[in-house]
file input-v1.txt (compact mmCIF, C-alpha atoms and all ligand atoms)
# COMPACT_ATOMS: atom_id res chain seq x y z
CA MET A 11 37.65 36.55 45.55
CA LYS A 12 39.55 34.85 42.75
CA LYS A 13 43.31 35.26 43.00
CA THR A 14 44.25 34.76 39.38
CA SER A 15 42.48 34.72 36.06
CA LEU A 16 43.49 33.67 32.57
CA PHE A 17 42.41 35.29 29.32
CA GLN A 18 42.74 33.37 26.07
CA THR A 19 41.39 33.98 22.59
CA THR A 20 41.95 33.26 18.92
CA PRO A 21 45.30 34.79 17.90
CA ARG A 22 44.27 36.08 14.44
CA ILE A 23 40.85 37.55 13.69
CA LEU A 24 40.13 39.01 10.24
CA MET A 25 36.97 41.07 10.01
CA GLY A 26 35.04 42.99 7.44
CA VAL A 27 32.91 42.76 4.33
CA GLY A 28 34.82 40.73 1.73
CA SER A 29 37.31 39.29 4.24
CA LEU A 30 36.44 35.79 2.98
CA ASP A 31 38.66 36.61 -0.01
CA GLN A 32 41.64 36.54 2.34
CA ALA A 33 41.17 32.87 3.23
CA PRO A 34 44.06 31.79 0.93
CA SER A 35 46.57 34.04 2.70
CA GLU A 36 45.52 32.58 6.07
CA VAL A 37 45.91 29.08 4.63
CA GLY A 38 49.34 30.11 3.36
CA ARG A 39 50.42 31.37 6.78
CA LEU A 40 49.55 27.98 8.22
CA LYS A 41 51.52 26.27 5.41
CA ALA A 42 48.60 23.97 4.70
CA ARG A 43 48.59 21.71 1.67
CA LYS A 44 45.50 19.61 2.19
CA ILE A 45 42.34 21.28 3.39
CA LEU A 46 39.11 19.76 4.65
CA VAL A 47 36.11 22.10 4.73
CA VAL A 48 33.64 21.07 7.46
CA THR A 49 30.18 22.52 6.84
CA ASP A 50 26.47 21.77 6.52
CA PRO A 51 24.20 20.96 3.55
CA GLY A 52 22.29 24.27 3.83
CA LEU A 53 25.46 26.26 3.13
CA VAL A 54 26.25 24.04 0.16
CA ALA A 55 22.74 24.75 -1.21
CA ALA A 56 23.14 28.48 -0.53
CA GLY A 57 26.34 28.50 -2.63
CA ILE A 58 28.53 29.72 0.24
CA VAL A 59 30.68 26.56 0.33
CA GLY A 60 31.16 26.83 -3.44
CA ARG A 61 32.29 30.44 -3.03
CA LEU A 62 34.95 29.50 -0.50
CA GLU A 63 36.14 26.59 -2.65
CA GLU A 64 36.39 28.89 -5.65
CA ILE A 65 38.42 31.45 -3.70
CA LEU A 66 40.77 28.67 -2.58
CA ALA A 67 40.98 27.18 -6.09
CA ARG A 68 41.89 30.55 -7.61
CA ALA A 69 44.87 30.60 -5.26
CA GLY A 70 45.82 27.09 -6.40
CA LEU A 71 44.49 25.39 -3.26
CA SER A 72 42.34 22.28 -3.55
CA SER A 73 40.10 21.09 -0.77
CA ASN A 74 37.87 18.22 0.27
CA ARG A 75 34.49 18.65 1.83
CA PHE A 76 32.64 17.16 4.79
CA ASP A 77 29.17 18.68 4.52
CA ALA A 78 27.07 16.43 6.75
CA VAL A 79 26.89 18.55 9.92
CA GLU A 80 23.35 18.63 11.32
CA PRO A 81 21.82 21.04 13.89
CA ASP A 82 22.76 19.93 17.45
CA PRO A 83 25.50 17.73 15.94
CA SER A 84 26.00 14.25 17.35
CA ILE A 85 29.16 12.60 18.60
CA GLU A 86 28.96 10.29 15.55
CA THR A 87 29.07 13.28 13.18
CA ALA A 88 32.27 14.53 14.81
CA LEU A 89 33.78 11.03 14.51
CA ARG A 90 32.84 10.86 10.82
CA ALA A 91 34.30 14.32 10.16
CA ALA A 92 37.56 13.22 11.83
CA GLU A 93 37.58 10.11 9.64
CA SER A 94 37.19 12.34 6.56
CA ALA A 95 40.12 14.47 7.72
CA ARG A 96 42.30 11.37 8.18
CA GLY A 97 41.15 9.88 4.88
CA ALA A 98 41.98 13.09 3.04
CA GLY A 99 45.33 13.45 4.81
CA ALA A 100 44.23 16.96 5.78
CA ASP A 101 46.66 19.29 7.50
CA LEU A 102 44.07 22.06 7.96
CA ILE A 103 40.36 22.02 8.76
CA ILE A 104 38.29 25.02 7.73
CA GLY A 105 35.03 25.17 9.66
CA LEU A 106 32.39 27.12 7.74
CA GLY A 107 28.91 27.64 9.20
CA GLY A 108 26.99 28.22 12.39
CA GLY A 109 28.04 26.94 15.79
CA SER A 110 27.28 23.34 14.84
CA ALA A 111 29.72 23.24 11.90
CA LEU A 112 32.40 25.14 13.82
CA ASP A 113 32.13 22.86 16.85
CA VAL A 114 32.38 19.74 14.69
CA ALA A 115 35.41 21.23 12.90
CA LYS A 116 37.11 21.89 16.25
CA VAL A 117 36.47 18.38 17.58
CA ALA A 118 37.39 16.66 14.29
CA ALA A 119 40.72 18.51 14.35
CA VAL A 120 41.71 17.09 17.74
CA LEU A 121 40.30 13.64 17.03
CA ALA A 122 42.22 13.39 13.75
CA THR A 123 45.66 13.51 15.37
CA GLN A 124 45.29 11.35 18.47
CA SER A 125 44.04 7.94 19.47
CA THR A 126 42.31 9.06 22.69
CA PRO A 127 38.63 8.07 22.40
CA ILE A 128 36.18 10.96 22.32
CA GLU A 129 34.49 9.79 25.55
CA LYS A 130 37.74 10.61 27.37
CA MET A 131 37.82 14.17 25.99
CA PHE A 132 34.54 15.40 27.49
CA GLY A 133 34.94 17.77 30.42
CA ILE A 134 37.60 20.36 31.12
CA ASP A 135 41.19 20.08 29.84
CA GLN A 136 40.93 16.44 28.76
CA VAL A 137 42.41 16.80 25.26
CA PRO A 138 45.93 15.37 25.63
CA GLU A 139 47.62 16.67 22.45
CA GLU A 140 47.39 19.44 19.87
CA GLY A 141 45.13 18.69 16.92
CA LEU A 142 45.21 19.81 13.30
CA ASN A 143 45.23 23.55 12.65
CA THR A 144 41.80 25.09 12.21
CA LEU A 145 40.50 28.22 10.50
CA LEU A 146 36.92 29.09 11.47
CA ILE A 147 34.49 31.14 9.40
CA PRO A 148 31.12 31.80 11.10
CA THR A 149 28.02 32.34 8.97
CA THR A 150 25.70 33.21 11.88
CA ALA A 151 26.06 35.91 14.53
CA GLY A 152 25.41 33.71 17.52
CA THR A 153 27.67 31.16 19.13
CA GLY A 154 31.00 32.94 19.01
CA SER A 155 32.45 29.46 18.55
CA GLU A 156 35.31 30.98 16.53
CA VAL A 157 36.79 32.35 19.77
CA THR A 158 35.76 29.75 22.35
CA PRO A 159 37.69 26.70 23.58
CA ILE A 160 34.37 24.86 23.79
CA ALA A 161 32.49 22.39 21.58
CA ILE A 162 29.08 20.96 22.41
CA LEU A 163 27.92 17.63 20.98
CA SER A 164 24.70 15.66 21.43
CA ASP A 165 24.87 12.19 22.94
CA HIS A 166 21.69 10.63 21.54
CA ARG A 167 21.97 7.52 23.71
CA ASP A 168 22.04 9.45 26.99
CA LYS A 169 19.85 12.30 25.62
CA LEU A 170 22.49 14.72 26.85
CA LYS A 171 24.57 17.53 25.49
CA LYS A 172 28.22 17.03 26.31
CA GLY A 173 30.99 19.61 26.20
CA ILE A 174 34.67 19.43 25.42
CA VAL A 175 36.46 22.40 26.97
CA SER A 176 40.15 22.76 26.12
CA PRO A 177 42.37 25.57 24.83
CA ARG A 178 43.40 23.03 22.17
CA LEU A 179 40.04 23.69 20.50
CA LEU A 180 40.86 27.34 19.86
CA PRO A 181 41.45 27.93 16.14
CA LYS A 182 44.64 29.39 14.68
CA ALA A 183 42.58 32.06 12.89
CA ALA A 184 39.02 33.23 12.26
CA ILE A 185 37.49 35.17 9.38
CA LEU A 186 34.34 37.21 10.08
CA ASP A 187 32.70 38.41 6.89
CA PRO A 188 29.29 40.00 7.60
CA GLY A 189 28.34 39.43 3.96
CA LEU A 190 28.03 35.72 4.78
CA THR A 191 25.21 36.41 7.24
CA VAL A 192 22.87 38.45 5.01
CA GLY A 193 20.97 35.40 3.82
CA LEU A 194 19.88 34.33 7.31
CA PRO A 195 16.09 34.30 7.66
CA PRO A 196 14.60 36.55 10.39
CA ALA A 197 13.75 33.66 12.74
CA VAL A 198 17.36 32.38 12.66
CA THR A 199 18.68 35.94 13.03
CA ALA A 200 16.51 36.29 16.14
CA ALA A 201 17.40 32.94 17.74
CA THR A 202 21.16 33.18 17.11
CA GLY A 203 21.20 36.89 18.03
CA MET A 204 19.46 36.17 21.33
CA ASP A 205 22.06 33.48 22.05
CA ALA A 206 24.84 36.01 21.47
CA LEU A 207 23.13 38.60 23.67
CA ILE A 208 22.72 36.01 26.43
CA HIS A 209 26.42 35.10 26.18
CA ALA A 210 27.32 38.72 26.85
CA LEU A 211 24.73 39.17 29.60
CA GLU A 212 25.79 35.98 31.36
CA ALA A 213 29.53 36.65 31.02
CA TYR A 214 28.95 40.13 32.47
CA THR A 215 27.11 38.80 35.52
CA SER A 216 29.21 35.64 35.96
CA ARG A 217 31.05 35.19 39.24
CA ASN A 218 34.17 34.71 37.12
CA ALA A 219 33.85 38.04 35.29
CA THR A 220 37.03 40.11 35.08
CA PRO A 221 37.58 43.74 34.06
CA LEU A 222 38.68 42.48 30.64
CA SER A 223 35.66 40.22 30.09
CA ASP A 224 33.37 43.03 31.35
CA LEU A 225 34.78 45.40 28.76
CA LEU A 226 34.03 42.92 25.99
CA ALA A 227 30.62 41.95 27.35
CA GLU A 228 29.48 45.57 27.70
CA GLN A 229 30.49 46.39 24.14
CA ALA A 230 28.88 43.17 22.91
CA MET A 231 25.56 44.00 24.63
CA ARG A 232 25.61 47.52 23.23
CA ARG A 233 26.17 46.32 19.68
CA ILE A 234 23.81 43.36 19.74
CA TYR A 235 20.95 45.10 21.56
CA GLY A 236 21.34 48.12 19.28
CA SER A 237 21.34 46.09 16.04
CA LEU A 238 19.26 42.95 16.52
CA ARG A 239 15.92 44.57 15.70
CA LYS A 240 17.43 46.17 12.58
CA ALA A 241 18.98 42.90 11.37
CA PHE A 242 15.65 41.14 12.02
CA ALA A 243 13.63 43.81 10.21
CA ASP A 244 15.94 44.00 7.19
CA GLY A 245 18.36 41.13 6.70
CA ASP A 246 20.18 43.05 3.97
CA ASP A 247 21.19 45.85 6.36
CA LEU A 248 24.92 45.21 6.17
CA ALA A 249 25.79 47.68 8.94
CA ALA A 250 23.42 45.88 11.32
CA ARG A 251 24.81 42.50 10.20
CA ALA A 252 28.38 43.71 10.85
CA ASN A 253 27.43 44.96 14.32
CA MET A 254 25.78 41.62 15.09
CA LEU A 255 28.79 39.60 13.93
CA GLU A 256 31.23 41.80 15.86
CA GLY A 257 28.92 41.70 18.86
CA SER A 258 28.75 37.90 18.82
CA LEU A 259 32.54 37.78 18.54
CA LEU A 260 33.01 40.07 21.56
CA ALA A 261 30.40 38.11 23.50
CA GLY A 262 32.25 34.88 22.60
CA MET A 263 35.56 36.31 23.82
CA ALA A 264 33.88 37.38 27.06
CA PHE A 265 32.13 34.11 27.89
CA ALA A 266 35.03 31.94 26.74
CA ASN A 267 36.89 33.43 29.71
CA ALA A 268 34.20 34.47 32.24
CA GLY A 269 31.79 31.59 31.54
CA VAL A 270 28.05 31.58 31.04
CA THR A 271 25.59 31.05 33.89
CA ALA A 272 22.17 29.58 34.65
CA VAL A 273 20.32 30.49 31.44
CA HIS A 274 22.61 28.14 29.52
CA ALA A 275 22.45 25.57 32.31
CA PHE A 276 18.63 25.50 32.11
CA ALA A 277 18.71 25.44 28.31
CA TYR A 278 20.81 22.26 28.06
CA PRO A 279 18.34 19.69 29.47
CA ILE A 280 15.40 21.05 27.43
CA GLY A 281 17.50 21.39 24.29
CA ALA A 282 18.68 17.80 24.45
CA GLU A 283 15.37 16.19 25.34
CA PHE A 284 12.85 18.28 23.42
CA HIS A 285 15.08 19.20 20.47
CA ILE A 286 14.64 22.92 21.02
CA PRO A 287 17.29 24.89 19.06
CA HIS A 288 19.94 26.34 21.37
CA GLY A 289 19.09 30.02 20.83
CA ILE A 290 15.38 29.38 21.38
CA ALA A 291 15.97 27.26 24.49
CA ASN A 292 18.08 30.07 25.95
CA SER A 293 15.51 32.73 25.06
CA ILE A 294 12.67 30.79 26.66
CA MET A 295 14.62 30.42 29.90
CA LEU A 296 15.97 33.98 29.96
CA PRO A 297 13.12 35.91 31.65
CA ALA A 298 12.56 33.35 34.43
CA VAL A 299 16.28 32.94 35.19
CA LEU A 300 16.93 36.66 34.94
CA GLU A 301 14.15 37.49 37.38
CA PHE A 302 15.54 34.94 39.83
CA ASN A 303 19.12 36.20 39.40
CA LEU A 304 18.55 39.97 39.69
CA MET A 305 19.14 40.20 43.43
CA GLY A 306 22.46 38.39 43.01
CA ASN A 307 23.97 41.47 41.40
CA LEU A 308 21.57 44.44 41.33
CA GLU A 309 24.32 46.81 40.35
CA LYS A 310 25.39 44.97 37.21
CA PHE A 311 21.85 44.14 36.12
CA GLY A 312 21.02 47.83 36.58
CA HIS A 313 23.96 48.73 34.40
CA ILE A 314 22.67 46.33 31.74
CA ALA A 315 19.40 48.32 31.73
CA GLU A 316 21.45 51.45 31.06
CA ILE A 317 23.33 49.74 28.22
CA PHE A 318 19.94 48.79 26.75
CA GLY A 319 18.93 52.46 26.83
CA GLU A 320 16.31 52.11 29.58
CA PRO A 321 15.66 55.24 31.65
CA VAL A 322 17.21 54.58 35.06
CA GLY A 323 17.85 58.07 36.47
CA ASP A 324 15.42 58.22 39.40
CA ALA A 325 15.09 54.48 39.99
CA ASN A 326 16.51 52.62 42.97
CA ALA A 327 18.88 49.68 42.45
CA ARG A 328 16.16 47.03 42.45
CA GLU A 329 13.99 48.93 40.01
CA ARG A 330 16.94 49.56 37.70
CA ALA A 331 17.75 45.87 37.58
CA ARG A 332 14.10 45.07 36.81
CA ARG A 333 14.26 47.39 33.82
CA ALA A 334 16.88 45.11 32.25
CA LEU A 335 14.34 42.29 32.52
CA ARG A 336 11.65 44.45 30.95
CA ALA A 337 13.96 45.39 28.07
CA VAL A 338 14.73 41.77 27.16
CA GLN A 339 11.04 40.84 27.37
CA GLU A 340 10.17 43.63 24.94
CA LEU A 341 13.00 42.59 22.64
CA MET A 342 11.74 39.00 22.60
CA GLU A 343 8.23 40.20 21.83
CA ASP A 344 9.48 42.26 18.89
CA LEU A 345 11.56 39.37 17.55
CA GLN A 346 8.64 36.95 17.90
CA VAL A 347 10.78 34.29 19.57
CA PRO A 348 8.87 31.44 21.25
CA ARG A 349 8.19 32.24 24.89
CA ARG A 350 6.91 29.04 26.50
CA LEU A 351 8.19 25.52 27.09
CA ARG A 352 4.72 24.08 26.56
CA ASP A 353 4.93 25.05 22.88
CA PHE A 354 7.60 22.36 22.59
CA GLY A 355 5.71 19.60 24.38
CA VAL A 356 7.05 20.17 27.90
CA THR A 357 4.44 19.49 30.61
CA GLU A 358 4.26 19.78 34.41
CA GLU A 359 5.25 16.09 34.75
CA HIS A 360 8.58 16.72 33.01
CA LEU A 361 9.67 19.41 35.47
CA PRO A 362 11.17 17.31 38.31
CA ALA A 363 13.46 15.41 35.91
CA LEU A 364 14.46 18.62 34.11
CA ALA A 365 15.21 20.30 37.44
CA ALA A 366 17.34 17.31 38.49
CA GLY A 367 19.12 17.56 35.12
CA VAL A 368 19.98 21.21 35.57
CA MET A 369 21.56 20.54 38.97
CA ASN A 370 24.14 18.39 37.10
CA VAL A 371 25.32 21.33 35.01
CA THR A 372 27.61 22.28 37.87
CA ARG A 373 30.22 23.93 35.62
CA LEU A 374 27.74 26.69 34.71
CA LEU A 375 25.80 26.90 37.98
CA ALA A 376 29.07 27.64 39.76
CA ASN A 377 29.27 30.88 37.76
CA ASN A 378 25.73 31.99 38.56
CA PRO A 379 25.29 35.21 40.58
CA ARG A 380 22.67 33.51 42.79
CA ARG A 381 22.82 30.02 44.27
CA ILE A 382 20.17 27.64 42.94
CA THR A 383 18.56 24.74 44.82
CA LEU A 384 16.62 21.85 43.29
CA ALA A 385 13.35 23.50 44.42
CA ASP A 386 14.44 26.79 42.81
CA ALA A 387 15.23 24.95 39.58
CA GLU A 388 11.79 23.40 39.44
CA SER A 389 10.03 26.70 40.05
CA ILE A 390 12.15 28.45 37.42
CA TYR A 391 11.17 25.83 34.84
CA ARG A 392 7.53 26.19 35.97
CA LYS A 393 7.67 29.94 35.31
CA ALA A 394 8.83 29.25 31.76
CA LEU A 395 6.22 26.53 31.19
FE FE B 1 24.98 29.78 23.73
call {"tool": "encode", "arguments": {"input": "input-v1.txt", "output": "C-alpha cells"}}
result
Amino acid sequence: MKKTSLFQTTPRILMGVGSLDQAPSEVGRLKARKILVVTDPGLVAAGIVGRLEEILARAGLSSNRFDAVEPDPSIETALRAAESARGAGADLIIGLGGGSALDVAKVAAVLATQSTPIEKMFGIDQVPEEGLNTLLIPTTAGTGSEVTPIAILSDHRDKLKKGIVSPRLLPKAAILDPGLTVGLPPAVTAATGMDALIHALEAYTSRNATPLSDLLAEQAMRRIYGSLRKAFADGDDLAARANMLEGSLLAGMAFANAGVTAVHAFAYPIGAEFHIPHGIANSIMLPAVLEFNLMGNLEKFGHIAEIFGEPVGDANARERARRALRAVQELMEDLQVPRRLRDFGVTEEHLPALAAGVMNVTRLLANNPRRITLADAESIYRKAL
C-alpha cells in the first residue's frame, strides 16, 4: 500500500461556450506583455488562431505566432518554438490546439528560460527551473494536456517517443471552450475521444489510483462514454461536445495523478515506429490489454461495466468485468476506429522487437493492475495483430 499521495492540477480552469473571449483577462492576471501563440497550421486554416488573435487585439494585446506544430511533434519542433519565444521576448506562451500543440507549448516554455539541454529534461522531475507562464486552450477533447505535467515528443533518430514529466509543465491557466471543438471531423472525434476514455479507464484501474483520482475518472468515463457516440454522429451537438471536453479534462486530472497503464505502454512503440496516431494506437491495443488485465482488478472493471450502462445484476465478478470489455468493443465498432495492427503494416516479424520495446516503458507498466512478462507482451501484440 502507498503511504502518501500527491494531487496536483492546473490552478485556474475556465470552462464554457464562449470562454475563449476571456483570454485577455487571463493574460492580464499573468501581467503578460509579449505573447507567443504556439499552434498548428490546421488551426490557422480553420480561422481559430485568427479568432484568438482578434480577441487579444481588441483588448490591446499583440502576439506573435509559432504555427509549425506537426502531429507527433518532434524534439526539433519544440526547440524551434522555444527559439521563437526567445526571439519574440515572450513572457507568456499560449498553447492553442490538440495535445501536440499544447505539449510543444509546455516544453517551449521551460526551454525558453533555461540553458539545460532538452536531452537532460526527459524523465521524471528533470526540469531544474520554472519556465515562462503558459495558458493552454485545447481544441480537441482527448489528451487532457491542459491539466497534465507531461509532454511527449518524438525522437526521430531513436524512433522513440520521449516524455518530460515535471510539475513545472503545468500551465498557470486553461480555457476550455467547447465551441472550438465543433469543427472536428468524426474520425478525429473518435480517435481523440477514445484516448480520453482510455485515460479515465487506466487511471481508475492504476495501482496508483486514489479516492480523488477515482472520483474524477468515474465522472470522466460517465461523460465520455455517454457522449462520444453523439459527438461522432453529430459534430454540431454542442451539449455532447461540452461533455466530451469536460470528460477529457476530468480524465486528464485523474491520470496526471494516478498514471496510465499498459494500454498506453503498448501504444508508444507502435505509435513511434509505424506512425499510428496516438488515439488510434491506444484504441487498437485496448481490447487485448483489457482482456489480459481484467483479473488484476475484477471489482473495478466490473464497476466500469456499470458506468457504461451494461446490465450486471445477476452476473458474477468475472462476467461483470468481461462486460466492460464488450462495451468498449461495441463502442469501437460504432465509431469505426481501426481495429488491427496489420492495417498499419505491422507483421508477425515485428512482434518480438515491439514486445521488447514495451518492457522499457517501465513508468507505465509499474501502474498496471497485472504484471506483464516479455512473453505476455508478445502475445498481447499478437492478439491485436
Ligand atoms: Fe493518451
call {"tool": "residues_around", "arguments": {"input": "input-v1.txt", "residues": "A:Ile160", "least_positions_apart": "5", "cutoff": "7 Å", "atoms": "all atoms listed in the file", "output": "number ranges by chain"}}
result
A: 173-176, 179
call {"tool": "residues_near_ligand", "arguments": {"input": "input-v1.txt", "ligand": "ligand FE 1 (chain B)", "cutoff": "7 Å", "atoms": "all atoms listed in the file", "output": "PyMOL selection string"}}
result
chain A and resi 153+205-206+209+274+288-289
call {"tool": "write_last_selection", "arguments": {"input": "input-v1.txt", "atoms": "C-alpha atoms", "output": "compact mmCIF listing (two decimals), in the frame of the given file"}}
result
# COMPACT_ATOMS: atom_id res chain seq x y z
CA THR A 153 27.67 31.16 19.13
CA ASP A 205 22.06 33.48 22.05
CA ALA A 206 24.84 36.01 21.47
CA HIS A 209 26.42 35.10 26.18
CA HIS A 274 22.61 28.14 29.52
CA HIS A 288 19.94 26.34 21.37
CA GLY A 289 19.09 30.02 20.83
call {"tool": "atom_distance", "arguments": {"input": "input-v1.txt", "atom1": "atom CA of A:Thr19", "atom2": "atom CA of A:Ala261"}}
result
11.8 Å
call {"tool": "residues_around", "arguments": {"input": "input-v1.txt", "residues": "stretch 347-364 of chain A", "least_positions_apart": "4", "cutoff": "8 Å", "atoms": "only C-alpha atoms", "output": "PyMOL selection string"}}
result
chain A and resi 197+200-201+279-280+284+286+290+293-294+342-343+368+388+391-392+394-395
call {"tool": "residues_around", "arguments": {"input": "input-v1.txt", "residues": "A:Val299", "least_positions_apart": "2", "cutoff": "7 Å", "atoms": "all atoms listed in the file", "output": "ChimeraX atom specification"}}
result
/A:272-273,295-297,301-303,390
call {"tool": "residues_near_point", "arguments": {"input": "input-v1.txt", "point": "(46.2, 10.5, 7.8)", "cutoff": "12 Å", "atoms": "all atoms listed in the file", "output": "PDB file with C-alpha atoms, in the coordinates of the input"}}
result
ATOM      1  CA  LYS A  44      45.500  19.610   2.190  1.00  0.00           C
ATOM      2  CA  ALA A  92      37.560  13.220  11.830  1.00  0.00           C
ATOM      3  CA  GLU A  93      37.580  10.110   9.640  1.00  0.00           C
ATOM      4  CA  SER A  94      37.190  12.340   6.560  1.00  0.00           C
ATOM      5  CA  ALA A  95      40.120  14.470   7.720  1.00  0.00           C
ATOM      6  CA  ARG A  96      42.300  11.370   8.180  1.00  0.00           C
ATOM      7  CA  GLY A  97      41.150   9.880   4.880  1.00  0.00           C
ATOM      8  CA  ALA A  98      41.980  13.090   3.040  1.00  0.00           C
ATOM      9  CA  GLY A  99      45.330  13.450   4.810  1.00  0.00           C
ATOM     10  CA  ALA A 100      44.230  16.960   5.780  1.00  0.00           C
ATOM     11  CA  ASP A 101      46.660  19.290   7.500  1.00  0.00           C
ATOM     12  CA  LEU A 102      44.070  22.060   7.960  1.00  0.00           C
ATOM     13  CA  ALA A 119      40.720  18.510  14.350  1.00  0.00           C
ATOM     14  CA  LEU A 121      40.300  13.640  17.030  1.00  0.00           C
ATOM     15  CA  ALA A 122      42.220  13.390  13.750  1.00  0.00           C
ATOM     16  CA  THR A 123      45.660  13.510  15.370  1.00  0.00           C
ATOM     17  CA  GLN A 124      45.290  11.350  18.470  1.00  0.00           C
ATOM     18  CA  LEU A 142      45.210  19.810  13.300  1.00  0.00           C
TER      19      LEU A 142
END
call {"tool": "residues_near_point", "arguments": {"input": "input-v1.txt", "point": "(19.0, 8.6, 23.7)", "cutoff": "12 Å", "atoms": "all atoms listed in the file", "output": "compact mmCIF listing (two decimals) with C-alpha atoms, keeping the file's coordinate frame"}}
result
# COMPACT_ATOMS: atom_id res chain seq x y z
CA SER A 84 26.00 14.25 17.35
CA SER A 164 24.70 15.66 21.43
CA ASP A 165 24.87 12.19 22.94
CA HIS A 166 21.69 10.63 21.54
CA ARG A 167 21.97 7.52 23.71
CA ASP A 168 22.04 9.45 26.99
CA LYS A 169 19.85 12.30 25.62
CA LEU A 170 22.49 14.72 26.85
CA LYS A 171 24.57 17.53 25.49
CA ALA A 282 18.68 17.80 24.45
CA GLU A 283 15.37 16.19 25.34
CA PHE A 284 12.85 18.28 23.42
CA HIS A 285 15.08 19.20 20.47
call {"tool": "closest_residue", "arguments": {"input": "input-v1.txt", "among": "A:Val192, A:Ala183, A:Ala91, A:Leu112", "to": "A:Ala56", "atoms": "all atoms listed in the file"}}
result
A:Val192
call {"tool": "atom_distance", "arguments": {"input": "input-v1.txt", "atom1": "atom CA of A:Asn253", "atom2": "atom CA of A:Leu345"}}
result
17.1 Å
call {"tool": "residues_around", "arguments": {"input": "input-v1.txt", "residues": "A:Gly28", "least_positions_apart": "4", "cutoff": "12 Å", "atoms": "only C-alpha atoms", "output": "list in words"}}
result
Leu24, Gln32, Ala33, Arg61, Leu62, Ile65, Ile185, Leu186, Asp187, Pro188, Gly189, Leu190, Thr191, Leu248 and Ala252 of chain A
call {"tool": "axis_aligned_box", "arguments": {"input": "input-v1.txt", "around": "stretch 235-241 of chain A", "padding_each_side": "3 Å", "output": "JSON"}}
result
{"center_x": 18.6, "center_y": 45.5, "center_z": 16.5, "size_x": 11.4, "size_y": 11.2, "size_z": 16.2}
call {"tool": "residues_around", "arguments": {"input": "input-v1.txt", "residues": "A:Asp82", "least_positions_apart": "5", "cutoff": "8 Å", "atoms": "only C-alpha atoms", "output": "list in words"}}
result
Ser110, Leu163, Ser164 and Pro287 of chain A
call {"tool": "write_last_selection", "arguments": {"input": "input-v1.txt", "atoms": "C-alpha atoms", "output": "PDB file, in the coordinates of the input"}}
result
ATOM      1  CA  SER A 110      27.280  23.340  14.840  1.00  0.00           C
ATOM      2  CA  LEU A 163      27.920  17.630  20.980  1.00  0.00           C
ATOM      3  CA  SER A 164      24.700  15.660  21.430  1.00  0.00           C
ATOM      4  CA  PRO A 287      17.290  24.890  19.060  1.00  0.00           C
TER       5      PRO A 287
END
call {"tool": "atom_distance", "arguments": {"input": "input-v1.txt", "atom1": "atom CA of A:Gly133", "atom2": "atom CA of A:Ala387"}}
result
22.9 Å
call {"tool": "closest_residue", "arguments": {"input": "input-v1.txt", "among": "A:Leu238, A:Ala219, A:Leu211, A:Leu226", "to": "A:Phe311", "atoms": "all atoms listed in the file"}}
result
A:Leu211
call {"tool": "closest_atom_pairs", "arguments": {"input": "input-v1.txt", "of": "stretch 107-139 of chain A", "to": "stretch 45-53 of chain A", "cutoff": "10 Å", "atoms": "only C-alpha atoms", "output": "JSON lines"}}
result
{"residue": "A:Gly107", "atom": "CA", "partner": "A:Thr49", "partner_atom": "CA", "distance": 5.8}
{"residue": "A:Gly108", "atom": "CA", "partner": "A:Thr49", "partner_atom": "CA", "distance": 8.6}
{"residue": "A:Ser110", "atom": "CA", "partner": "A:Asp50", "partner_atom": "CA", "distance": 8.5}
{"residue": "A:Ala111", "atom": "CA", "partner": "A:Thr49", "partner_atom": "CA", "distance": 5.1}
{"residue": "A:Leu112", "atom": "CA", "partner": "A:Val48", "partner_atom": "CA", "distance": 7.7}
{"residue": "A:Asp113", "atom": "CA", "partner": "A:Val48", "partner_atom": "CA", "distance": 9.7}
{"residue": "A:Val114", "atom": "CA", "partner": "A:Val48", "partner_atom": "CA", "distance": 7.5}
{"residue": "A:Ala115", "atom": "CA", "partner": "A:Val48", "partner_atom": "CA", "distance": 5.7}
{"residue": "A:Lys116", "atom": "CA", "partner": "A:Val48", "partner_atom": "CA", "distance": 9.5}
{"residue": "A:Ala118", "atom": "CA", "partner": "A:Val48", "partner_atom": "CA", "distance": 9.0}
{"residue": "A:Ala119", "atom": "CA", "partner": "A:Leu46", "partner_atom": "CA", "distance": 9.9}
call {"tool": "closest_residue", "arguments": {"input": "input-v1.txt", "among": "A:Met204, A:Ala298, A:Ala334, A:Val270", "to": "A:Thr372", "atoms": "only C-alpha atoms"}}
result
A:Val270
call {"tool": "closest_residue", "arguments": {"input": "input-v1.txt", "among": "A:Leu145, A:His313, A:Val120, A:Ser237", "to": "A:Gly38", "atoms": "all atoms listed in the file"}}
result
A:Leu145
